[in-house]
Amino acid sequence: MTAFAWAGIVLGPLALLDLALASATLRQRAPRIARDQSGAVRGPLAWVLAALIRGYQLVWSPRSAGACRFDPSCSVYALSAVRLHGGVRGGLLAGWRLLRCQPLSRGGYDPVPVESARGAWRS
């Protein structure tokens with residue numbers, strides 16, 4: 001088997017578990033299982049991504065302090081998105097933010113979108 005096949009075997013169930021824990025249904029029916037006391041998703045993929053982001057913030061981010069064109073900075077945005085939406089959705093939001101972080105972007109205030117009660121996205 002190739003490395004990609006092993007990655008799919010390992011990351012597939014983790015992503016499904018993370019999506020289930022971040023879902024609104026499980027948040028309502030079993031809030032202690034789905035989220036911790038601060039409201040962060042308890043999914044394994046969310047934990048891994050949050051640890052990687054915190055590692056980046058501790059090691060590399062102080063070297064480039066104040067260089068981000070967005071508010072909040074990209075690493076703060078990514079950590080908030082992963083904690084709020086889980087590893088899959090938060091990771092996609094963080095990836096989209098990183099793709100927008102380039103010299104031709106205007107930047108500015110860009111908060112993590114929050115789901116309303118109806119499921120529509122709001123900034």
# chains A, B, ... in the order shown; residues from 1 in each chain; ligands from 1
>>> select_by_dssp(residues="chain A", states="helix (DSSP H, G or I)", output="PyMOL selection string")
chain A and resi 3-22+24-29+31-34+44-59+61-64+74-100
>>> residues_around(residues="Gly39 in chain A", least_positions_apart="6", cutoff="12 Å", atoms="only C-alpha atoms", output="VMD selection string")
chain A and resid 21 to 22 27 31 to 33 80 to 86
>>> closest_residue(among="A:Gly90, A:Pro62, A:Gly43, A:Gly12", to="Pro113 in chain A", atoms="only C-alpha atoms")
A:Gly90
>>> select_by_dssp(residues="chain A", states="strand (DSSP E)", output="ChimeraX atom specification")
/A:70-71,108-109,114-115,121-122
>>> residues_around(residues="Leu45 in chain A", least_positions_apart="6", cutoff="8 Å", atoms="only C-alpha atoms", output="list in words")
Leu14, Ala15, Asp18, Gly86, Gly87 and Val88 of chain A
>>> atom_distance(atom1="CA of Leu79 in chain A", atom2="CA of Ala94 in chain A")
8.2 Å
>>> residues_around(residues="Tyr109 in chain A", least_positions_apart="3", cutoff="8 Å", atoms="only C-alpha atoms", output="list in words")
Phe70, Asp71 and Pro72 of chain A
>>> atom_distance(atom1="CA of Ser75 in chain A", atom2="CA of Asp36 in chain A")
21.2 Å
>>> atom_distance(atom1="CA of Cys74 in chain A", atom2="CA of Leu58 in chain A")
14.0 Å
>>> decode(residues="range 48-64 of chain A", atoms="all heavy atoms", output="short mmCIF file (atom, residue, chain, number, x, y, z; two decimals), in the first residue's frame")
data_model
loop_
_atom_site.label_atom_id
_atom_site.label_comp_id
_atom_site.auth_asym_id
_atom_site.auth_seq_id
_atom_site.Cartn_x
_atom_site.Cartn_y
_atom_site.Cartn_z
N VAL A 48 -5.54 17.69 16.69
CA VAL A 48 -4.27 17.64 15.96
C VAL A 48 -4.00 18.98 15.27
O VAL A 48 -2.90 19.52 15.37
CB VAL A 48 -4.27 16.47 14.94
CG1 VAL A 48 -3.09 16.56 14.00
CG2 VAL A 48 -4.29 15.14 15.66
N LEU A 49 -5.01 19.50 14.58
CA LEU A 49 -4.82 20.79 13.90
C LEU A 49 -4.57 21.92 14.89
O LEU A 49 -3.73 22.79 14.65
CB LEU A 49 -6.03 21.10 13.03
CG LEU A 49 -6.17 20.28 11.76
CD1 LEU A 49 -7.46 20.62 11.04
CD2 LEU A 49 -4.99 20.48 10.85
N ALA A 50 -5.29 21.93 16.00
CA ALA A 50 -5.07 22.96 17.02
C ALA A 50 -3.66 22.88 17.59
O ALA A 50 -3.02 23.91 17.82
CB ALA A 50 -6.11 22.84 18.13
N ALA A 51 -3.15 21.67 17.80
CA ALA A 51 -1.79 21.51 18.30
C ALA A 51 -0.76 22.01 17.28
O ALA A 51 0.22 22.67 17.65
CB ALA A 51 -1.52 20.05 18.65
N LEU A 52 -0.99 21.73 16.00
CA LEU A 52 -0.08 22.22 14.97
C LEU A 52 -0.11 23.75 14.88
O LEU A 52 0.94 24.39 14.74
CB LEU A 52 -0.45 21.62 13.61
CG LEU A 52 -0.16 20.13 13.45
CD1 LEU A 52 -0.73 19.63 12.13
CD2 LEU A 52 1.32 19.86 13.53
N ILE A 53 -1.29 24.33 14.99
CA ILE A 53 -1.41 25.78 14.93
C ILE A 53 -0.75 26.42 16.15
O ILE A 53 -0.04 27.42 16.04
CB ILE A 53 -2.89 26.21 14.82
CG1 ILE A 53 -3.47 25.74 13.48
CG2 ILE A 53 -3.04 27.72 14.98
CD1 ILE A 53 -4.98 25.79 13.42
N ARG A 54 -0.96 25.83 17.34
CA ARG A 54 -0.32 26.37 18.55
C ARG A 54 1.21 26.25 18.44
O ARG A 54 1.92 27.15 18.87
CB ARG A 54 -0.80 25.62 19.80
CG ARG A 54 -2.22 25.94 20.19
CD ARG A 54 -2.40 27.38 20.64
NE ARG A 54 -1.60 27.65 21.81
CZ ARG A 54 -1.07 28.83 22.12
NH1 ARG A 54 -1.29 29.85 21.34
NH2 ARG A 54 -0.35 29.00 23.19
N GLY A 55 1.69 25.15 17.87
CA GLY A 55 3.13 25.01 17.65
C GLY A 55 3.66 26.10 16.74
O GLY A 55 4.72 26.69 17.00
N TYR A 56 2.94 26.39 15.67
CA TYR A 56 3.33 27.48 14.77
C TYR A 56 3.34 28.81 15.51
O TYR A 56 4.26 29.61 15.35
CB TYR A 56 2.36 27.55 13.58
CG TYR A 56 2.50 28.82 12.80
CD1 TYR A 56 3.51 28.98 11.87
CD2 TYR A 56 1.63 29.90 13.02
CE1 TYR A 56 3.66 30.16 11.17
CE2 TYR A 56 1.77 31.08 12.32
CZ TYR A 56 2.78 31.20 11.39
OH TYR A 56 2.93 32.38 10.72
N GLN A 57 2.31 29.04 16.34
CA GLN A 57 2.24 30.31 17.06
C GLN A 57 3.39 30.46 18.05
O GLN A 57 3.88 31.56 18.26
CB GLN A 57 0.91 30.42 17.80
CG GLN A 57 -0.27 30.68 16.90
CD GLN A 57 -1.58 30.73 17.66
OE1 GLN A 57 -1.71 30.16 18.74
NE2 GLN A 57 -2.56 31.42 17.10
N LEU A 58 3.81 29.36 18.65
CA LEU A 58 4.90 29.43 19.63
C LEU A 58 6.27 29.55 18.97
O LEU A 58 7.15 30.24 19.49
CB LEU A 58 4.86 28.21 20.54
CG LEU A 58 3.67 28.14 21.49
CD1 LEU A 58 3.67 26.80 22.22
CD2 LEU A 58 3.72 29.28 22.49
N VAL A 59 6.47 28.89 17.83
CA VAL A 59 7.80 28.84 17.24
C VAL A 59 8.02 29.91 16.18
O VAL A 59 8.99 30.65 16.24
CB VAL A 59 8.05 27.43 16.62
CG1 VAL A 59 9.35 27.38 15.86
CG2 VAL A 59 8.03 26.38 17.71
N TRP A 60 7.14 30.02 15.22
CA TRP A 60 7.39 30.88 14.07
C TRP A 60 6.70 32.24 14.15
O TRP A 60 7.25 33.25 13.70
CB TRP A 60 6.97 30.17 12.80
CG TRP A 60 7.40 30.91 11.58
CD1 TRP A 60 6.63 31.70 10.79
CD2 TRP A 60 8.72 31.02 11.06
NE1 TRP A 60 7.37 32.26 9.79
CE2 TRP A 60 8.68 31.85 9.95
CE3 TRP A 60 9.95 30.48 11.44
CZ2 TRP A 60 9.80 32.15 9.20
CZ3 TRP A 60 11.06 30.79 10.68
CH2 TRP A 60 10.98 31.61 9.59
N SER A 61 5.51 32.30 14.68
CA SER A 61 4.72 33.53 14.66
C SER A 61 5.41 34.72 15.34
O SER A 61 5.29 35.84 14.84
CB SER A 61 3.36 33.27 15.30
OG SER A 61 2.52 34.37 15.15
N PRO A 62 6.14 34.55 16.45
CA PRO A 62 6.80 35.72 17.04
C PRO A 62 7.84 36.35 16.11
O PRO A 62 8.12 37.54 16.21
CB PRO A 62 7.49 35.16 18.29
CG PRO A 62 6.72 33.95 18.64
CD PRO A 62 6.24 33.38 17.33
N ARG A 63 8.38 35.59 15.17
CA ARG A 63 9.37 36.13 14.25
C ARG A 63 8.75 37.06 13.21
O ARG A 63 9.43 37.91 12.66
CB ARG A 63 10.10 34.99 13.52
CG ARG A 63 10.88 34.14 14.45
CD ARG A 63 11.53 33.02 13.70
NE ARG A 63 12.19 32.13 14.65
CZ ARG A 63 12.80 31.05 14.32
NH1 ARG A 63 12.84 30.67 13.06
NH2 ARG A 63 13.36 30.31 15.23
N SER A 64 7.49 36.84 12.93
CA SER A 64 6.83 37.67 11.90
C SER A 64 5.66 38.45 12.50
O SER A 64 4.64 38.64 11.84
CB SER A 64 6.34 36.77 10.76
OG SER A 64 5.43 35.82 11.25
#
